[in-house]
>>> print(open('coords.txt').read())   # compact mmCIF, C-alpha atoms and all ligand atoms
# COMPACT_ATOMS: atom_id res chain seq x y z
CA MET O 1 90.37 14.80 48.89
CA ARG O 2 88.75 12.89 46.00
CA VAL O 3 89.54 9.20 45.67
CA PHE O 4 89.34 7.03 42.57
CA ASN O 5 86.00 5.33 43.20
CA PHE O 6 85.58 2.02 41.37
CA SER O 7 82.15 1.35 42.89
CA PRO O 8 79.75 -0.71 40.76
CA GLY O 9 76.88 1.53 41.81
CA PRO O 10 75.89 4.00 43.00
CA ALA O 11 79.01 5.03 41.20
CA VAL O 12 81.43 7.87 40.59
CA LEU O 13 80.01 11.07 39.10
CA PRO O 14 82.05 13.62 37.16
CA LEU O 15 83.74 16.05 39.54
CA GLU O 16 82.66 18.99 37.36
CA VAL O 17 79.04 17.94 37.79
CA LEU O 18 79.35 17.63 41.56
CA GLN O 19 80.98 21.04 41.73
CA GLN O 20 78.18 22.59 39.71
CA VAL O 21 75.61 20.94 41.98
CA ARG O 22 77.47 22.34 44.98
CA ASP O 23 77.67 25.82 43.49
CA GLU O 24 73.96 25.89 42.68
CA LEU O 25 72.71 23.92 45.64
CA THR O 26 71.17 26.72 47.66
CA ASP O 27 70.50 29.16 44.84
CA TRP O 28 69.51 27.63 41.53
CA GLN O 29 69.42 29.98 38.52
CA GLY O 30 69.39 33.00 40.85
CA ARG O 31 66.03 31.99 42.30
CA GLY O 32 67.11 32.07 45.92
CA MET O 33 66.21 28.41 46.34
CA SER O 34 67.51 24.97 45.53
CA VAL O 35 66.39 23.02 42.49
CA MET O 36 65.11 20.56 45.11
CA GLU O 37 62.73 23.21 46.39
CA VAL O 38 61.05 24.28 43.16
CA GLY O 39 57.77 22.83 41.96
CA HIS O 40 58.05 20.14 39.33
CA ARG O 41 55.42 21.91 37.24
CA SER O 42 57.14 25.29 37.48
CA LYS O 43 58.28 26.75 34.18
CA ALA O 44 61.89 26.60 35.33
CA PHE O 45 61.86 22.94 36.26
CA VAL O 46 59.84 21.86 33.23
CA ALA O 47 62.46 23.57 31.06
CA CYS O 48 65.29 21.88 32.95
CA ALA O 49 63.60 18.49 32.53
CA ALA O 50 62.93 19.05 28.84
CA GLU O 51 66.53 20.09 28.25
CA ALA O 52 67.80 16.90 29.91
CA GLU O 53 65.59 14.85 27.61
CA ALA O 54 66.67 16.78 24.53
CA ASP O 55 70.34 16.34 25.43
CA LEU O 56 69.89 12.60 25.98
CA ARG O 57 68.10 12.34 22.63
CA ALA O 58 70.96 14.13 20.92
CA LEU O 59 73.63 12.06 22.67
CA LEU O 60 72.08 8.72 21.74
CA GLY O 61 70.46 9.76 18.48
CA ILE O 62 67.04 8.68 19.72
CA PRO O 63 64.58 8.69 16.79
CA ALA O 64 61.44 10.84 17.00
CA ASN O 65 59.14 7.81 17.25
CA TYR O 66 60.55 6.91 20.66
CA LYS O 67 59.42 8.33 24.00
CA VAL O 68 61.88 8.97 26.79
CA LEU O 69 60.50 8.43 30.29
CA PHE O 70 62.07 9.38 33.62
CA LEU O 71 60.67 7.03 36.24
CA GLN O 72 61.33 6.02 39.81
CA GLY O 73 61.93 2.54 41.17
CA GLY O 74 65.31 1.98 39.53
CA ALA O 75 65.88 -0.69 36.93
CA THR O 76 64.32 -3.21 39.29
CA GLY O 77 60.95 -1.51 38.95
CA GLN O 78 61.15 -2.18 35.22
CA PHE O 79 61.57 -5.92 35.77
CA ALA O 80 57.83 -5.87 36.63
CA ALA O 81 56.75 -2.87 34.55
CA LEU O 82 57.90 -4.56 31.35
CA PRO O 83 55.64 -7.63 31.44
CA LEU O 84 52.79 -5.56 32.86
CA ASN O 85 52.99 -3.15 29.93
CA LEU O 86 53.82 -5.54 27.12
CA THR O 87 52.18 -8.90 27.83
CA THR O 88 49.06 -10.76 28.83
CA PRO O 89 49.28 -13.68 31.28
CA LYS O 90 49.32 -16.03 28.27
CA SER O 91 52.10 -14.24 26.39
CA VAL O 92 55.41 -15.97 25.89
CA VAL O 93 58.52 -13.87 26.36
CA ASP O 94 62.12 -14.83 25.63
CA TYR O 95 64.87 -14.03 28.13
CA ILE O 96 68.61 -14.53 27.71
CA ASN O 97 70.16 -15.45 31.03
CA THR O 98 73.73 -14.21 31.21
CA GLY O 99 73.99 -13.87 34.97
CA HIS O 100 72.82 -12.05 38.05
CA TRP O 101 70.75 -9.22 36.58
CA SER O 102 69.14 -11.11 33.72
CA LYS O 103 68.18 -13.82 36.21
CA LYS O 104 66.52 -11.20 38.42
CA ALA O 105 64.67 -9.75 35.45
CA LEU O 106 63.37 -13.11 34.25
CA THR O 107 62.42 -14.27 37.74
CA GLU O 108 60.23 -11.20 38.15
CA ALA O 109 58.69 -11.67 34.70
CA GLN O 110 57.75 -15.25 35.65
CA ARG O 111 55.18 -13.78 38.02
CA TYR O 112 53.30 -12.25 35.09
CA CYS O 113 53.69 -14.30 31.91
CA GLN O 114 55.26 -17.37 30.30
CA VAL O 115 59.02 -16.99 30.36
CA ASN O 116 61.15 -18.98 27.96
CA VAL O 117 64.82 -18.89 28.84
CA ALA O 118 66.01 -18.93 25.25
CA ALA O 119 69.68 -19.17 26.17
CA ASP O 120 71.53 -19.63 29.44
CA GLY O 121 75.16 -18.93 30.16
CA ALA O 122 75.35 -21.71 32.76
CA SER O 123 77.55 -23.94 30.59
CA SER O 124 80.27 -21.27 30.66
CA ASP O 125 79.55 -20.53 34.33
CA TYR O 126 78.21 -17.17 33.04
CA HIS O 127 81.62 -16.18 31.76
CA ASP O 128 80.53 -15.84 28.15
CA VAL O 129 77.63 -14.68 25.99
CA PRO O 130 75.75 -17.67 24.50
CA ALA O 131 76.24 -17.68 20.73
CA LEU O 132 73.19 -16.37 18.88
CA PRO O 133 72.68 -19.48 16.68
CA SER O 134 72.17 -21.59 19.84
CA TRP O 135 69.26 -19.50 21.13
CA GLN O 136 65.94 -21.35 21.36
CA LEU O 137 63.61 -18.51 20.41
CA SER O 138 59.82 -18.75 20.76
CA ARG O 139 57.57 -18.12 17.83
CA GLY O 140 55.54 -14.98 18.42
CA ALA O 141 57.34 -13.93 21.62
CA ALA O 142 55.98 -10.64 22.97
CA TYR O 143 59.58 -9.52 23.36
CA LEU O 144 63.14 -10.74 23.83
CA HIS O 145 64.91 -9.42 26.90
CA TYR O 146 68.64 -9.37 27.43
CA THR O 147 71.19 -7.63 29.61
CA PRO O 148 73.87 -6.11 27.36
CA ASN O 149 76.24 -5.75 30.29
CA GLU O 150 76.17 -7.97 33.37
CA THR O 151 77.42 -5.64 36.06
CA ILE O 152 78.45 -8.37 38.49
CA GLY O 153 79.85 -11.01 36.13
CA GLY O 154 81.55 -8.44 33.89
CA VAL O 155 80.12 -10.01 30.73
CA GLU O 156 79.15 -7.66 27.90
CA PHE O 157 77.52 -8.50 24.58
CA PRO O 158 79.83 -7.68 21.67
CA PHE O 159 76.78 -7.53 19.39
CA VAL O 160 73.14 -6.43 19.32
CA PRO O 161 71.00 -9.52 18.74
CA GLN O 162 69.12 -9.66 15.46
CA VAL O 163 65.81 -11.34 16.33
CA GLU O 164 62.21 -11.15 15.15
CA ALA O 165 60.67 -10.33 18.52
CA PRO O 166 60.74 -6.75 19.82
CA LEU O 167 64.13 -6.31 21.46
CA VAL O 168 64.25 -5.14 25.08
CA ALA O 169 67.50 -4.34 26.88
CA ASP O 170 68.45 -3.58 30.46
CA MET O 171 71.27 -1.13 29.72
CA SER O 172 71.72 0.01 33.32
CA SER O 173 75.48 -0.45 33.40
CA THR O 174 76.35 0.27 29.77
CA ILE O 175 74.07 3.05 28.50
CA LEU O 176 76.03 6.02 27.12
CA SER O 177 79.31 4.12 27.34
CA ARG O 178 79.55 3.68 23.55
CA PRO O 179 77.40 4.42 20.50
CA VAL O 180 74.32 2.25 20.01
CA ASP O 181 71.70 2.12 17.26
CA ILE O 182 68.50 2.83 19.20
CA SER O 183 66.32 1.89 16.23
CA ARG O 184 67.31 -1.76 16.74
CA PHE O 185 65.42 -1.78 20.04
CA ALA O 186 61.78 -1.75 21.03
CA LEU O 187 62.60 -0.65 24.55
CA ILE O 188 65.70 0.21 26.55
CA TYR O 189 65.74 0.87 30.25
CA ALA O 190 68.57 1.93 32.50
CA GLY O 191 68.78 2.60 36.22
CA ALA O 192 70.59 5.90 36.62
CA GLN O 193 73.10 5.02 39.29
CA LYS O 194 75.83 3.65 37.00
CA ASN O 195 76.29 5.97 34.05
CA ILE O 196 73.60 8.64 34.41
CA GLY O 197 73.25 10.11 37.88
CA PRO O 198 71.75 9.56 41.33
CA ALA O 199 70.21 6.19 42.23
CA GLY O 200 66.46 5.68 42.11
CA LEU O 201 65.83 7.27 38.73
CA CYS O 202 65.29 5.01 35.74
CA VAL O 203 65.39 6.17 32.13
CA ILE O 204 63.18 4.32 29.64
CA ILE O 205 63.42 4.71 25.87
CA VAL O 206 60.37 3.12 24.30
CA ARG O 207 59.09 2.93 20.74
CA GLU O 208 55.69 4.61 20.53
CA ASP O 209 53.83 1.66 19.03
CA LEU O 210 54.41 -0.28 22.26
CA LEU O 211 52.46 2.22 24.33
CA GLY O 212 48.85 1.58 25.27
CA ARG O 213 49.07 -2.20 25.71
CA ALA O 214 49.31 -2.26 29.50
CA ARG O 215 47.17 -4.64 31.51
CA PRO O 216 44.26 -2.96 33.26
CA GLU O 217 45.75 -3.77 36.67
CA THR O 218 49.10 -2.10 35.86
CA PRO O 219 49.90 0.46 38.56
CA THR O 220 49.34 3.90 37.09
CA VAL O 221 52.89 5.05 37.88
CA LEU O 222 54.30 2.10 35.90
CA ASN O 223 52.00 2.49 32.91
CA TYR O 224 54.20 3.69 30.06
CA LYS O 225 51.38 5.30 28.09
CA LEU O 226 49.97 7.21 31.05
CA VAL O 227 53.44 8.32 32.12
CA ALA O 228 54.36 9.32 28.56
CA ASP O 229 51.13 11.31 28.16
CA GLU O 230 52.07 13.33 31.25
CA GLY O 231 55.71 13.92 30.26
CA SER O 232 56.85 11.71 33.17
CA MET O 233 55.07 14.10 35.54
CA LEU O 234 52.02 12.03 36.29
CA ASN O 235 53.09 12.39 39.90
CA THR O 236 56.04 14.23 41.40
CA PRO O 237 59.12 12.97 39.58
CA PRO O 238 62.54 12.61 41.27
CA THR O 239 63.36 16.21 40.42
CA PHE O 240 66.85 16.38 41.91
CA ALA O 241 67.96 13.14 40.23
CA TRP O 242 66.53 14.35 36.92
CA TYR O 243 68.40 17.65 37.23
CA VAL O 244 71.70 15.90 38.02
CA ALA O 245 71.16 13.52 35.10
CA GLY O 246 70.78 16.60 32.90
CA LEU O 247 74.11 17.96 34.13
CA VAL O 248 75.75 14.60 33.36
CA PHE O 249 74.34 14.74 29.81
CA LYS O 250 75.83 18.23 29.37
CA TRP O 251 79.15 16.93 30.69
CA LEU O 252 79.03 14.07 28.18
CA GLN O 253 78.45 16.54 25.37
CA ARG O 254 81.49 18.54 26.51
CA GLN O 255 83.53 15.30 26.47
CA GLY O 256 82.64 14.80 22.82
CA GLY O 257 79.60 12.56 23.16
CA VAL O 258 79.29 8.79 23.13
CA VAL O 259 81.69 8.20 20.25
CA ARG O 260 84.50 9.82 22.19
CA MET O 261 83.31 8.12 25.38
CA GLY O 262 83.40 4.76 23.63
CA GLU O 263 87.02 5.30 22.53
CA ARG O 264 87.98 6.40 26.01
CA ASN O 265 86.18 3.49 27.68
CA ARG O 266 87.73 0.96 25.33
CA ALA O 267 91.20 2.33 26.05
CA LYS O 268 90.57 2.26 29.82
CA ALA O 269 89.33 -1.33 29.69
CA GLU O 270 92.14 -2.54 27.43
CA LYS O 271 94.72 -1.07 29.74
CA LEU O 272 93.27 -2.86 32.77
CA TYR O 273 92.76 -6.21 31.00
CA GLY O 274 96.31 -5.89 29.70
CA ALA O 275 97.64 -5.55 33.25
CA ILE O 276 95.59 -8.58 34.33
CA ASP O 277 96.68 -10.74 31.41
CA GLU O 278 100.39 -9.90 31.55
CA THR O 279 100.89 -11.93 34.73
CA ASP O 280 99.61 -15.12 36.38
CA PHE O 281 99.24 -13.09 39.54
CA TYR O 282 95.84 -11.74 38.35
CA ARG O 283 93.06 -13.44 36.46
CA ASN O 284 89.82 -12.39 34.76
CA PRO O 285 87.53 -15.38 34.09
CA VAL O 286 85.48 -13.91 31.24
CA ALA O 287 85.83 -15.10 27.62
CA ARG O 288 87.77 -12.43 25.73
CA SER O 289 85.00 -11.56 23.30
CA GLY O 290 82.55 -11.04 26.18
CA ARG O 291 84.70 -8.88 28.40
CA SER O 292 82.95 -5.82 29.76
CA TRP O 293 84.31 -2.33 29.25
CA MET O 294 82.45 -1.17 32.33
CA ASN O 295 82.94 -3.81 35.04
CA VAL O 296 86.17 -5.78 35.31
CA PRO O 297 86.18 -8.58 37.87
CA PHE O 298 89.52 -10.16 38.69
CA THR O 299 90.99 -12.53 41.24
CA LEU O 300 94.41 -12.95 42.76
CA ALA O 301 96.24 -16.24 42.29
CA ARG O 302 96.66 -16.17 46.06
CA PRO O 303 93.27 -15.22 47.52
CA GLU O 304 94.84 -14.95 50.98
CA LEU O 305 96.22 -11.64 49.69
CA ASP O 306 92.76 -10.20 48.88
CA LYS O 307 92.51 -8.33 52.16
CA SER O 308 95.90 -6.68 51.88
CA PHE O 309 95.24 -5.82 48.22
CA ILE O 310 92.03 -4.01 49.18
CA ALA O 311 93.62 -2.30 52.19
CA GLU O 312 96.72 -1.14 50.33
CA ALA O 313 94.67 0.00 47.35
CA ARG O 314 92.58 2.11 49.69
CA GLU O 315 95.77 3.64 51.08
CA ALA O 316 96.68 4.55 47.50
CA GLY O 317 93.32 6.30 47.01
CA LEU O 318 91.71 3.44 45.05
CA VAL O 319 88.44 2.47 46.70
CA ASN O 320 85.46 0.14 46.30
CA LEU O 321 87.44 -2.56 44.53
CA GLU O 322 85.85 -5.44 46.45
CA GLY O 323 84.20 -8.03 44.24
CA HIS O 324 80.48 -8.70 44.58
CA ARG O 325 79.71 -10.78 47.66
CA SER O 326 78.53 -13.63 45.40
CA VAL O 327 81.77 -13.69 43.40
CA GLY O 328 84.56 -12.57 45.73
CA GLY O 329 87.90 -11.31 44.51
CA MET O 330 88.01 -7.82 43.05
CA ARG O 331 85.97 -5.76 40.63
CA ALA O 332 86.89 -2.43 39.10
CA SER O 333 83.99 -0.52 37.55
CA LEU O 334 85.12 1.88 34.86
CA TYR O 335 82.02 3.92 34.11
CA ASN O 336 82.16 7.08 31.99
CA ALA O 337 82.98 9.26 34.98
CA MET O 338 86.08 7.22 35.91
CA PRO O 339 88.90 9.29 34.44
CA PRO O 340 91.67 7.50 32.51
CA GLU O 341 94.11 8.60 35.24
CA GLY O 342 92.17 6.43 37.70
CA VAL O 343 92.92 3.38 35.58
CA ASP O 344 96.56 4.43 35.21
CA VAL O 345 96.93 4.67 38.98
CA LEU O 346 95.14 1.33 39.48
CA VAL O 347 97.31 -0.44 36.92
CA GLY O 348 100.45 1.05 38.47
CA PHE O 349 99.33 -0.13 41.89
CA MET O 350 98.54 -3.64 40.60
CA ARG O 351 101.97 -4.04 38.99
CA GLU O 352 103.67 -2.85 42.14
CA PHE O 353 101.55 -5.13 44.35
CA ALA O 354 102.31 -8.13 42.15
CA ARG O 355 106.03 -7.35 42.22
CA ARG O 356 106.08 -7.17 46.00
CA ASN O 357 103.95 -10.28 46.53
CA GLY O 358 104.61 -12.44 43.48
C1 LIG O 401 72.31 -2.00 39.04
C2 LIG O 401 71.56 -2.78 38.05
C3 LIG O 401 70.19 -3.04 38.20
C4 LIG O 401 69.40 -2.60 39.41
O1 LIG O 401 69.29 -1.24 39.49
P1 LIG O 401 68.42 -0.59 40.67
O2 LIG O 401 68.55 0.86 40.41
O3 LIG O 401 69.08 -1.01 41.97
O4 LIG O 401 67.05 -1.10 40.58
C5 LIG O 401 69.56 -3.76 37.20
N1 LIG O 401 70.21 -4.18 36.11
C6 LIG O 401 71.53 -3.96 35.94
C7 LIG O 401 72.21 -4.45 34.71
C8 LIG O 401 72.24 -3.25 36.90
O5 LIG O 401 73.55 -3.02 36.74
>>> encode(input="coords.txt", output="structure tokens", more="lines below")
Ligand SMILES: *Cc1c(COP(=O)(O)O)cnc(C)c1O
Amino acid sequence: MRVFNFSPGPAVLPLEVLQQVRDELTDWQGRGMSVMEVGHRSKAFVACAAEAEADLRALLGIPANYKVLFLQGGATGQFAALPLNLTTPKSVVDYINTGHWSKKALTEAQRYCQVNVAADGASSDYHDVPALPSWQLSRGAAYLHYTPNETIGGVEFPFVPQVEAPLVADMSSTILSRPVDISRFALIYAGAQKNIGPAGLCVIIVREDLLGRARPETPTVLNYKLVADEGSMLNTPPTFAWYVAGLVFKWLQRQGGVVRMGERNRAKAEKLYGAIDETDFYRNPVARSGRSWMNVPFTLARPELDKSFIAEAREAGLVNLEGHRSVGGMRASLYNAMPPEGVDVLVGFMREFARRNG
């Protein structure tokens, strides 16, 4: 039996996609073998990979002067790849610190170049996005990095920053959840495990003029230009993850694309925040304008009930609602593949739980 899986990542995948994977697992395209068993340079796999890229380009409206790369090492690999590809040791880069993941990204960058934390959410305890006019931007920054959606804190930017420096975004937990104007960005990266597919894969969307600036010591597999020149097949790519990502892109197209997804995700999030706000029994600490559509942390007014909330939710088929170990409480992740019915069942459970324990 399928449960409603609110995991922050690796996260729920569309059932239709999993069923297709199952159906094709031992015999892909009538070849008598699994997609996992075919060569990455075979005509069949190259076509499958190219189709995934084309579908992603169509879904996000990626302009022709951007390359799409399919790399390994997750989003975390990009925390280092970015400065290696785009800076010298003397370069200054601006980072916006809105919580756990932006802190990780900037801490890694500090090993390679001069990091200016242009804004820090500490004064709101990372429960809000620092207002753009307060940012202390560096003149001539090699790039500005931000995390549009903080997966752990549940803080999401309601705007795309307008800055002079090339804009870089870690979109791991928000990519494909709503429309976005790619041309505003120099580079976008996203670990696959939230909204794209199996963990390990990372998708990078990079404007072509940023290629070819890597430091000489950049590992070959992290060098954007070398990877782009080889169509992300400089070495053996994560073929199975790439294939599954392609199936997810097809599924998104069948759902009506990112516009429809955005409407659906907004409605899901509003329903859950509504249930949290309607009672003092639950609480979400994030400023309203910065509330994430994808990750909704909440606490109980009586934390001694946390354990029974989690246990009873599991009984009701609602799993992985535990908050991050650094935050406690609960967190419901509502990625694209979480059907609206999952949120309906969760909200029904929450109301019932509050009634019985309030
Ligand atoms: C999950 C996540 C990461 C890390 O992804 P890995 O695939 O584990 O490297 C980085 N940034 C954000 C915003 C995330 O949600």
>>> closest_residue(input="coords.txt", among="O:Tyr66, O:Tyr95, O:Trp101, O:Trp28", to="ligand LIG 401 (chain O)", atoms="only C-alpha atoms and all ligand atoms")
O:Trp101
>>> atom_distance(input="coords.txt", atom1="atom CA of O:Tyr146", atom2="atom CA of O:Ile188")
10.1 Å
>>> residues_near_point(input="coords.txt", point="(94.0, -16.4, 36.1)", cutoff="12 Å", atoms="all atoms listed in the file", output="count of residues only")
22
>>> residues_around(input="coords.txt", residues="O:Arg325", least_positions_apart="6", cutoff="12 Å", atoms="all atoms listed in the file", output="list of chain:residue names")
O:His100, O:Ile152, O:Gly153, O:Pro297, O:Arg331
>>> write_last_selection(input="coords.txt", atoms="C-alpha atoms", output="short mmCIF file (atom, residue, chain, number, x, y, z; two decimals), in the coordinates of the input")
data_model
loop_
_atom_site.label_atom_id
_atom_site.label_comp_id
_atom_site.auth_asym_id
_atom_site.auth_seq_id
_atom_site.Cartn_x
_atom_site.Cartn_y
_atom_site.Cartn_z
CA HIS O 100 72.82 -12.05 38.05
CA ILE O 152 78.45 -8.37 38.49
CA GLY O 153 79.85 -11.01 36.13
CA PRO O 297 86.18 -8.58 37.87
CA ARG O 331 85.97 -5.76 40.63
#
>>> residues_near_ligand(input="coords.txt", ligand="ligand LIG 401 (chain O)", cutoff="9 Å", atoms="all atoms listed in the file", output="VMD selection string")
chain O and resid 8 to 10 72 to 79 100 to 102 104 to 105 147 to 152 170 to 174 189 to 194 199 to 202
>>> closest_residue(input="coords.txt", among="O:Ala47, O:Leu71, O:Leu211, O:Ala64", to="O:Pro238", atoms="all atoms listed in the file")
O:Leu71
>>> residues_around(input="coords.txt", residues="stretch 249-263 of chain O", least_positions_apart="4", cutoff="7 Å", atoms="only C-alpha atoms", output="PyMOL selection string")
chain O and resi 52+55-56+59+176-179+245+267+336
>>> write_last_selection(input="coords.txt", atoms="C-alpha atoms", output="PDB file, in the frame of the given file")
ATOM      1  CA  ALA O  52      67.800  16.900  29.910  1.00  0.00           C
ATOM      2  CA  ASP O  55      70.340  16.340  25.430  1.00  0.00           C
ATOM      3  CA  LEU O  56      69.890  12.600  25.980  1.00  0.00           C
ATOM      4  CA  LEU O  59      73.630  12.060  22.670  1.00  0.00           C
ATOM      5  CA  LEU O 176      76.030   6.020  27.120  1.00  0.00           C
ATOM      6  CA  SER O 177      79.310   4.120  27.340  1.00  0.00           C
ATOM      7  CA  ARG O 178      79.550   3.680  23.550  1.00  0.00           C
ATOM      8  CA  PRO O 179      77.400   4.420  20.500  1.00  0.00           C
ATOM      9  CA  ALA O 245      71.160  13.520  35.100  1.00  0.00           C
ATOM     10  CA  ALA O 267      91.200   2.330  26.050  1.00  0.00           C
ATOM     11  CA  ASN O 336      82.160   7.080  31.990  1.00  0.00           C
TER      12      ASN O 336
END
>>> closest_residue(input="coords.txt", among="O:Val129, O:Met36, O:Leu106, O:Ala81", to="O:Gly154", atoms="all atoms listed in the file")
O:Val129
>>> atom_distance(input="coords.txt", atom1="atom CA of O:Arg207", atom2="atom CA of O:Cys48")
23.4 Å
>>> residues_around(input="coords.txt", residues="O:Ala80", least_positions_apart="5", cutoff="8 Å", atoms="only C-alpha atoms", output="PyMOL selection string")
chain O and resi 105+108-109+112
>>> residues_around(input="coords.txt", residues="O:Val343", least_positions_apart="6", cutoff="8 Å", atoms="all atoms listed in the file", output="JSON list (two decimals) with C-alpha atoms, in the coordinates of the input")
[["chain", "number", "residue", "atom", "x", "y", "z"],
["O", 268, "LYS", "CA", 90.57, 2.26, 29.82],
["O", 271, "LYS", "CA", 94.72, -1.07, 29.74],
["O", 272, "LEU", "CA", 93.27, -2.86, 32.77],
["O", 334, "LEU", "CA", 85.12, 1.88, 34.86]]
>>> atom_distance(input="coords.txt", atom1="atom CA of O:Ala186", atom2="atom CA of O:Ala169")
8.6 Å
>>> closest_residue(input="coords.txt", among="O:Ala269, O:Met1, O:Ala311, O:Val155", to="O:Met338", atoms="only C-alpha atoms")
O:Ala269
>>> residues_near_point(input="coords.txt", point="(61.1, 8.3, 30.7)", cutoff="7 Å", atoms="only C-alpha atoms", output="list of chain:residue names")
O:Lys67, O:Val68, O:Leu69, O:Phe70, O:Leu71, O:Val203, O:Ile204, O:Ile205, O:Ser232
>>> closest_residue(input="coords.txt", among="O:Ala49, O:Met233, O:Leu346, O:Val296", to="O:Gly323", atoms="all atoms listed in the file")
O:Val296
>>> residues_around(input="coords.txt", residues="O:Gln162", least_positions_apart="5", cutoff="10 Å", atoms="all atoms listed in the file", output="ChimeraX atom specification")
/O:132,167,184-185
>>> closest_residue(input="coords.txt", among="O:Gly317, O:Pro166, O:Pro339, O:Gly290", to="O:Pro130", atoms="all atoms listed in the file")
O:Gly290
>>> build_atoms(input="coords.txt", residues="stretch 142-159 of chain O", atoms="N, CA and C atoms", output="compact mmCIF listing (two decimals), in the frame of the given file")
# COMPACT_ATOMS: atom_id res chain seq x y z
N ALA O 142 56.39 -12.05 22.82
CA ALA O 142 55.98 -10.64 22.97
C ALA O 142 57.20 -9.73 22.97
N TYR O 143 58.32 -10.24 23.46
CA TYR O 143 59.58 -9.52 23.36
C TYR O 143 60.73 -10.46 23.70
N LEU O 144 61.94 -10.05 23.36
CA LEU O 144 63.14 -10.74 23.83
C LEU O 144 63.91 -9.77 24.73
N HIS O 145 64.20 -10.25 25.93
CA HIS O 145 64.91 -9.42 26.90
C HIS O 145 66.33 -9.92 27.08
N TYR O 146 67.27 -8.98 27.06
CA TYR O 146 68.64 -9.37 27.43
C TYR O 146 69.31 -8.24 28.20
N THR O 147 70.44 -8.57 28.79
CA THR O 147 71.19 -7.63 29.61
C THR O 147 72.54 -7.41 28.93
N PRO O 148 72.65 -6.33 28.15
CA PRO O 148 73.87 -6.11 27.36
C PRO O 148 75.15 -6.13 28.18
N ASN O 149 75.05 -5.69 29.43
CA ASN O 149 76.24 -5.75 30.29
C ASN O 149 75.84 -6.26 31.67
N GLU O 150 76.41 -7.41 32.04
CA GLU O 150 76.17 -7.97 33.37
C GLU O 150 77.16 -7.33 34.33
N THR O 151 76.62 -6.49 35.19
CA THR O 151 77.42 -5.64 36.06
C THR O 151 78.26 -6.44 37.06
N ILE O 152 77.74 -7.57 37.48
CA ILE O 152 78.45 -8.37 38.49
C ILE O 152 79.43 -9.34 37.83
N GLY O 153 78.97 -10.05 36.80
CA GLY O 153 79.85 -11.01 36.13
C GLY O 153 80.88 -10.35 35.22
N GLY O 154 80.62 -9.11 34.81
CA GLY O 154 81.55 -8.44 33.89
C GLY O 154 81.51 -9.01 32.49
N VAL O 155 80.30 -9.44 32.07
CA VAL O 155 80.12 -10.01 30.73
C VAL O 155 79.31 -9.03 29.90
N GLU O 156 79.84 -8.65 28.75
CA GLU O 156 79.15 -7.66 27.90
C GLU O 156 78.98 -8.22 26.50
N PHE O 157 77.77 -8.04 25.96
CA PHE O 157 77.52 -8.50 24.58
C PHE O 157 78.36 -7.71 23.59
N PRO O 158 79.10 -8.41 22.72
CA PRO O 158 79.83 -7.68 21.67
C PRO O 158 78.97 -7.41 20.46
N PHE O 159 77.68 -7.74 20.53
CA PHE O 159 76.78 -7.53 19.39
C PHE O 159 75.38 -7.22 19.91
